[in-house]
Amino acid sequence: MTTPTAQKPQIKLSTAGLTKPGVVVLQTLFISLFALIELVFRHGVGILTGLAICIATFIGNRIGRKGTAYVAVVTPPLAFAGFIAIAILAIDGLHPSRVGLDFIASLAGTAPYLMVSALYGWYVFFDAKKKNK
């Protein structure tokens with residue numbers, strides 16, 4: 001007697017692309033990697049991290065599912081600020097004046113890139129919202 005082999009039902013995705021948590025994880029890891037590389041080799045953040053922020057915003061909008069545009073816009077500045085705060089605390093220790101100065105300097109060094117990526121991201125978000133109406 002032979003028993004029929006049970007076939008497993010195939011898992012079907014509702015749509016291609018990353019979900020909201022996937023976009024957050026991808027952008028956070030991408031920005032953190034480039035910020036860490038720049039902190040190790042240059043002892044500060046600058047153009048490499050700024051370009052990583054712009055690329056993360058662009059890629060988050062492109063490979064995310066429908067409805068992930070808001071997350072793709074909001075995550076890069078928050079991920080960058082969170083990583084820089086933790087990294088500066090690890091490097092400088094608990095010296096409030098030094099930590100505050102380094103944190104503000106890091107944000108100021110990437111401000112143009114944060115602004116450009118935010119303008120692009122919000123344009124994509126509001127354009128998609130307008131098209132849905």
# chains A, B, ... in the order shown; residues from 1 in each chain; ligands from 1

$ residues_around --residues "A:Val99" --least-positions-apart "6" --cutoff "10 Å" --atoms "only C-alpha atoms" --output "ChimeraX atom specification"
/A:85,87-93,105

$ write_last_selection --atoms "N, CA and C atoms" --output "PDB file, in the first residue's frame"
ATOM      1  N   ALA A  85      22.983  58.981  18.864  1.00  0.00           N
ATOM      2  CA  ALA A  85      22.919  59.189  20.316  1.00  0.00           C
ATOM      3  C   ALA A  85      23.574  58.030  21.059  1.00  0.00           C
ATOM      4  N   ALA A  87      25.778  55.833  19.811  1.00  0.00           N
ATOM      5  CA  ALA A  87      27.203  55.768  19.465  1.00  0.00           C
ATOM      6  C   ALA A  87      28.004  56.834  20.199  1.00  0.00           C
ATOM      7  N   ILE A  88      27.472  58.031  20.304  1.00  0.00           N
ATOM      8  CA  ILE A  88      28.199  59.103  20.994  1.00  0.00           C
ATOM      9  C   ILE A  88      28.285  58.817  22.483  1.00  0.00           C
ATOM     10  N   LEU A  89      27.230  58.281  23.065  1.00  0.00           N
ATOM     11  CA  LEU A  89      27.304  57.887  24.478  1.00  0.00           C
ATOM     12  C   LEU A  89      28.356  56.803  24.685  1.00  0.00           C
ATOM     13  N   ALA A  90      28.462  55.874  23.745  1.00  0.00           N
ATOM     14  CA  ALA A  90      29.461  54.810  23.859  1.00  0.00           C
ATOM     15  C   ALA A  90      30.875  55.356  23.682  1.00  0.00           C
ATOM     16  N   ILE A  91      31.045  56.340  22.820  1.00  0.00           N
ATOM     17  CA  ILE A  91      32.376  56.888  22.556  1.00  0.00           C
ATOM     18  C   ILE A  91      32.799  57.882  23.636  1.00  0.00           C
ATOM     19  N   ASP A  92      31.932  58.836  23.965  1.00  0.00           N
ATOM     20  CA  ASP A  92      32.296  59.923  24.876  1.00  0.00           C
ATOM     21  C   ASP A  92      32.021  59.623  26.340  1.00  0.00           C
ATOM     22  N   GLY A  93      31.171  58.668  26.626  1.00  0.00           N
ATOM     23  CA  GLY A  93      30.795  58.415  28.009  1.00  0.00           C
ATOM     24  C   GLY A  93      29.704  59.387  28.439  1.00  0.00           C
ATOM     25  N   ALA A 105      26.470  68.493  16.487  1.00  0.00           N
ATOM     26  CA  ALA A 105      27.385  68.579  15.344  1.00  0.00           C
ATOM     27  C   ALA A 105      27.086  67.481  14.322  1.00  0.00           C
TER      28      ALA A 105
END

$ select_by_dssp --residues "chain A" --states "helix (DSSP H, G or I)" --output "ChimeraX atom specification"
/A:20-42,47-63,69-92,96-109,111-132

$ closest_atom_pairs --of "stretch 98-131 of chain A" --to "stretch 41-57 of chain A" --cutoff "10 Å" --atoms "only C-alpha atoms" --output "JSON lines"
{"residue": "A:Asp102", "atom": "CA", "partner": "A:Gly44", "partner_atom": "CA", "distance": 8.6}
{"residue": "A:Ala105", "atom": "CA", "partner": "A:Gly44", "partner_atom": "CA", "distance": 8.8}
{"residue": "A:Ser106", "atom": "CA", "partner": "A:Val45", "partner_atom": "CA", "distance": 5.9}
{"residue": "A:Leu107", "atom": "CA", "partner": "A:Val45", "partner_atom": "CA", "distance": 8.6}
{"residue": "A:Ala108", "atom": "CA", "partner": "A:Gly46", "partner_atom": "CA", "distance": 9.3}
{"residue": "A:Gly109", "atom": "CA", "partner": "A:Gly46", "partner_atom": "CA", "distance": 5.6}
{"residue": "A:Thr110", "atom": "CA", "partner": "A:Gly50", "partner_atom": "CA", "distance": 5.3}
{"residue": "A:Ala111", "atom": "CA", "partner": "A:Gly50", "partner_atom": "CA", "distance": 8.2}
{"residue": "A:Pro112", "atom": "CA", "partner": "A:Gly50", "partner_atom": "CA", "distance": 7.9}
{"residue": "A:Tyr113", "atom": "CA", "partner": "A:Gly50", "partner_atom": "CA", "distance": 5.0}
{"residue": "A:Leu114", "atom": "CA", "partner": "A:Ile53", "partner_atom": "CA", "distance": 6.9}
{"residue": "A:Met115", "atom": "CA", "partner": "A:Cys54", "partner_atom": "CA", "distance": 9.3}
{"residue": "A:Val116", "atom": "CA", "partner": "A:Cys54", "partner_atom": "CA", "distance": 7.3}
{"residue": "A:Ser117", "atom": "CA", "partner": "A:Cys54", "partner_atom": "CA", "distance": 5.0}
{"residue": "A:Ala118", "atom": "CA", "partner": "A:Thr57", "partner_atom": "CA", "distance": 8.0}
{"residue": "A:Tyr120", "atom": "CA", "partner": "A:Thr57", "partner_atom": "CA", "distance": 8.2}
{"residue": "A:Gly121", "atom": "CA", "partner": "A:Thr57", "partner_atom": "CA", "distance": 6.6}

$ atom_distance --atom1 "atom CA of A:Lys129" --atom2 "atom CA of A:Asn61"
13.4 Å

$ residues_around --residues "A:Arg65" --least-positions-apart "4" --cutoff "10 Å" --atoms "only C-alpha atoms" --output "list in words"
Ser14, Thr15, Ala16, Gly17, Leu18, Thr19, Lys20, Gly22, Val23, Gly60, Asn61 and Ala69 of chain A

$ closest_atom_pairs --of "stretch 57-123 of chain A" --to "stretch 29-34 of chain A" --cutoff "9 Å" --atoms "only C-alpha atoms" --output "Markdown table"
| residue | atom | partner | partner_atom | distance |
| --- | --- | --- | --- | --- |
| A:Pro76 | CA | A:Ile31 | CA | 7.4 |
| A:Ala79 | CA | A:Ile31 | CA | 7.3 |
| A:Phe80 | CA | A:Ile31 | CA | 6.4 |
| A:Phe83 | CA | A:Ser32 | CA | 6.3 |
| A:Ile84 | CA | A:Ser32 | CA | 8.4 |

$ decode --residues "stretch 53-89 of chain A" --atoms "N, CA and C atoms" --output "PDB file, in the first residue's frame"
ATOM      1  N   ILE A  53      21.421  58.104   4.053  1.00  0.00           N
ATOM      2  CA  ILE A  53      20.079  58.536   4.458  1.00  0.00           C
ATOM      3  C   ILE A  53      19.202  58.770   3.227  1.00  0.00           C
ATOM      4  N   CYS A  54      19.755  59.445   2.226  1.00  0.00           N
ATOM      5  CA  CYS A  54      18.995  59.697   0.990  1.00  0.00           C
ATOM      6  C   CYS A  54      18.649  58.392   0.273  1.00  0.00           C
ATOM      7  N   ILE A  55      19.610  57.495   0.185  1.00  0.00           N
ATOM      8  CA  ILE A  55      19.379  56.213  -0.487  1.00  0.00           C
ATOM      9  C   ILE A  55      18.360  55.375   0.284  1.00  0.00           C
ATOM     10  N   ALA A  56      18.449  55.396   1.619  1.00  0.00           N
ATOM     11  CA  ALA A  56      17.500  54.629   2.432  1.00  0.00           C
ATOM     12  C   ALA A  56      16.073  55.134   2.242  1.00  0.00           C
ATOM     13  N   THR A  57      15.908  56.441   2.147  1.00  0.00           N
ATOM     14  CA  THR A  57      14.573  57.000   1.913  1.00  0.00           C
ATOM     15  C   THR A  57      14.051  56.595   0.538  1.00  0.00           C
ATOM     16  N   PHE A  58      14.902  56.701  -0.466  1.00  0.00           N
ATOM     17  CA  PHE A  58      14.508  56.346  -1.831  1.00  0.00           C
ATOM     18  C   PHE A  58      14.150  54.864  -1.927  1.00  0.00           C
ATOM     19  N   ILE A  59      15.012  54.001  -1.393  1.00  0.00           N
ATOM     20  CA  ILE A  59      14.774  52.556  -1.474  1.00  0.00           C
ATOM     21  C   ILE A  59      13.557  52.152  -0.642  1.00  0.00           C
ATOM     22  N   GLY A  60      13.383  52.776   0.518  1.00  0.00           N
ATOM     23  CA  GLY A  60      12.211  52.473   1.339  1.00  0.00           C
ATOM     24  C   GLY A  60      10.909  52.769   0.619  1.00  0.00           C
ATOM     25  N   ASN A  61      10.892  53.852  -0.152  1.00  0.00           N
ATOM     26  CA  ASN A  61       9.696  54.179  -0.940  1.00  0.00           C
ATOM     27  C   ASN A  61       9.523  53.249  -2.126  1.00  0.00           C
ATOM     28  N   ARG A  62      10.600  52.788  -2.701  1.00  0.00           N
ATOM     29  CA  ARG A  62      10.529  51.954  -3.902  1.00  0.00           C
ATOM     30  C   ARG A  62      10.169  50.502  -3.601  1.00  0.00           C
ATOM     31  N   ILE A  63      10.762  49.914  -2.570  1.00  0.00           N
ATOM     32  CA  ILE A  63      10.535  48.482  -2.351  1.00  0.00           C
ATOM     33  C   ILE A  63       9.511  48.189  -1.262  1.00  0.00           C
ATOM     34  N   GLY A  64       8.932  49.230  -0.675  1.00  0.00           N
ATOM     35  CA  GLY A  64       7.888  49.014   0.315  1.00  0.00           C
ATOM     36  C   GLY A  64       6.548  48.752  -0.356  1.00  0.00           C
ATOM     37  N   ARG A  65       5.679  48.083   0.356  1.00  0.00           N
ATOM     38  CA  ARG A  65       4.330  47.846  -0.160  1.00  0.00           C
ATOM     39  C   ARG A  65       3.543  49.146  -0.196  1.00  0.00           C
ATOM     40  N   LYS A  66       2.368  49.047  -0.757  1.00  0.00           N
ATOM     41  CA  LYS A  66       1.473  50.199  -0.775  1.00  0.00           C
ATOM     42  C   LYS A  66       1.108  50.543   0.671  1.00  0.00           C
ATOM     43  N   GLY A  67       1.218  51.794   1.022  1.00  0.00           N
ATOM     44  CA  GLY A  67       0.902  52.221   2.379  1.00  0.00           C
ATOM     45  C   GLY A  67       2.107  52.333   3.292  1.00  0.00           C
ATOM     46  N   THR A  68       3.303  52.085   2.777  1.00  0.00           N
ATOM     47  CA  THR A  68       4.503  52.186   3.612  1.00  0.00           C
ATOM     48  C   THR A  68       5.260  53.489   3.389  1.00  0.00           C
ATOM     49  N   ALA A  69       4.712  54.400   2.610  1.00  0.00           N
ATOM     50  CA  ALA A  69       5.422  55.651   2.303  1.00  0.00           C
ATOM     51  C   ALA A  69       5.648  56.486   3.559  1.00  0.00           C
ATOM     52  N   TYR A  70       4.662  56.526   4.459  1.00  0.00           N
ATOM     53  CA  TYR A  70       4.815  57.312   5.689  1.00  0.00           C
ATOM     54  C   TYR A  70       5.973  56.781   6.529  1.00  0.00           C
ATOM     55  N   VAL A  71       6.045  55.483   6.675  1.00  0.00           N
ATOM     56  CA  VAL A  71       7.114  54.862   7.460  1.00  0.00           C
ATOM     57  C   VAL A  71       8.467  55.097   6.797  1.00  0.00           C
ATOM     58  N   ALA A  72       8.499  55.034   5.470  1.00  0.00           N
ATOM     59  CA  ALA A  72       9.754  55.235   4.742  1.00  0.00           C
ATOM     60  C   ALA A  72      10.270  56.662   4.882  1.00  0.00           C
ATOM     61  N   VAL A  73       9.381  57.614   5.145  1.00  0.00           N
ATOM     62  CA  VAL A  73       9.794  59.006   5.315  1.00  0.00           C
ATOM     63  C   VAL A  73      10.217  59.294   6.750  1.00  0.00           C
ATOM     64  N   VAL A  74       9.501  58.753   7.703  1.00  0.00           N
ATOM     65  CA  VAL A  74       9.727  59.083   9.107  1.00  0.00           C
ATOM     66  C   VAL A  74      10.926  58.339   9.703  1.00  0.00           C
ATOM     67  N   THR A  75      11.199  57.149   9.242  1.00  0.00           N
ATOM     68  CA  THR A  75      12.230  56.317   9.857  1.00  0.00           C
ATOM     69  C   THR A  75      13.660  56.835   9.723  1.00  0.00           C
ATOM     70  N   PRO A  76      14.140  57.275   8.555  1.00  0.00           N
ATOM     71  CA  PRO A  76      15.559  57.637   8.447  1.00  0.00           C
ATOM     72  C   PRO A  76      16.057  58.683   9.447  1.00  0.00           C
ATOM     73  N   PRO A  77      15.364  59.813   9.658  1.00  0.00           N
ATOM     74  CA  PRO A  77      15.881  60.754  10.655  1.00  0.00           C
ATOM     75  C   PRO A  77      15.877  60.186  12.073  1.00  0.00           C
ATOM     76  N   LEU A  78      14.835  59.423  12.396  1.00  0.00           N
ATOM     77  CA  LEU A  78      14.767  58.840  13.739  1.00  0.00           C
ATOM     78  C   LEU A  78      15.829  57.766  13.939  1.00  0.00           C
ATOM     79  N   ALA A  79      16.029  56.934  12.926  1.00  0.00           N
ATOM     80  CA  ALA A  79      17.056  55.891  13.013  1.00  0.00           C
ATOM     81  C   ALA A  79      18.439  56.508  13.130  1.00  0.00           C
ATOM     82  N   PHE A  80      18.691  57.552  12.355  1.00  0.00           N
ATOM     83  CA  PHE A  80      19.989  58.221  12.410  1.00  0.00           C
ATOM     84  C   PHE A  80      20.212  58.865  13.775  1.00  0.00           C
ATOM     85  N   ALA A  81      19.227  59.606  14.264  1.00  0.00           N
ATOM     86  CA  ALA A  81      19.371  60.274  15.559  1.00  0.00           C
ATOM     87  C   ALA A  81      19.542  59.260  16.689  1.00  0.00           C
ATOM     88  N   GLY A  82      18.784  58.177  16.648  1.00  0.00           N
ATOM     89  CA  GLY A  82      18.918  57.148  17.681  1.00  0.00           C
ATOM     90  C   GLY A  82      20.274  56.477  17.662  1.00  0.00           C
ATOM     91  N   PHE A  83      20.752  56.133  16.474  1.00  0.00           N
ATOM     92  CA  PHE A  83      22.061  55.488  16.382  1.00  0.00           C
ATOM     93  C   PHE A  83      23.171  56.430  16.816  1.00  0.00           C
ATOM     94  N   ILE A  84      23.114  57.677  16.384  1.00  0.00           N
ATOM     95  CA  ILE A  84      24.155  58.643  16.744  1.00  0.00           C
ATOM     96  C   ILE A  84      24.156  58.890  18.250  1.00  0.00           C
ATOM     97  N   ALA A  85      22.983  58.981  18.864  1.00  0.00           N
ATOM     98  CA  ALA A  85      22.919  59.189  20.316  1.00  0.00           C
ATOM     99  C   ALA A  85      23.574  58.030  21.059  1.00  0.00           C
ATOM    100  N   ILE A  86      23.275  56.816  20.656  1.00  0.00           N
ATOM    101  CA  ILE A  86      23.870  55.641  21.309  1.00  0.00           C
ATOM    102  C   ILE A  86      25.368  55.574  21.045  1.00  0.00           C
ATOM    103  N   ALA A  87      25.778  55.833  19.811  1.00  0.00           N
ATOM    104  CA  ALA A  87      27.203  55.768  19.465  1.00  0.00           C
ATOM    105  C   ALA A  87      28.004  56.834  20.199  1.00  0.00           C
ATOM    106  N   ILE A  88      27.472  58.031  20.304  1.00  0.00           N
ATOM    107  CA  ILE A  88      28.199  59.103  20.994  1.00  0.00           C
ATOM    108  C   ILE A  88      28.285  58.817  22.483  1.00  0.00           C
ATOM    109  N   LEU A  89      27.230  58.281  23.065  1.00  0.00           N
ATOM    110  CA  LEU A  89      27.304  57.887  24.478  1.00  0.00           C
ATOM    111  C   LEU A  89      28.356  56.803  24.685  1.00  0.00           C
TER     112      LEU A  89
END
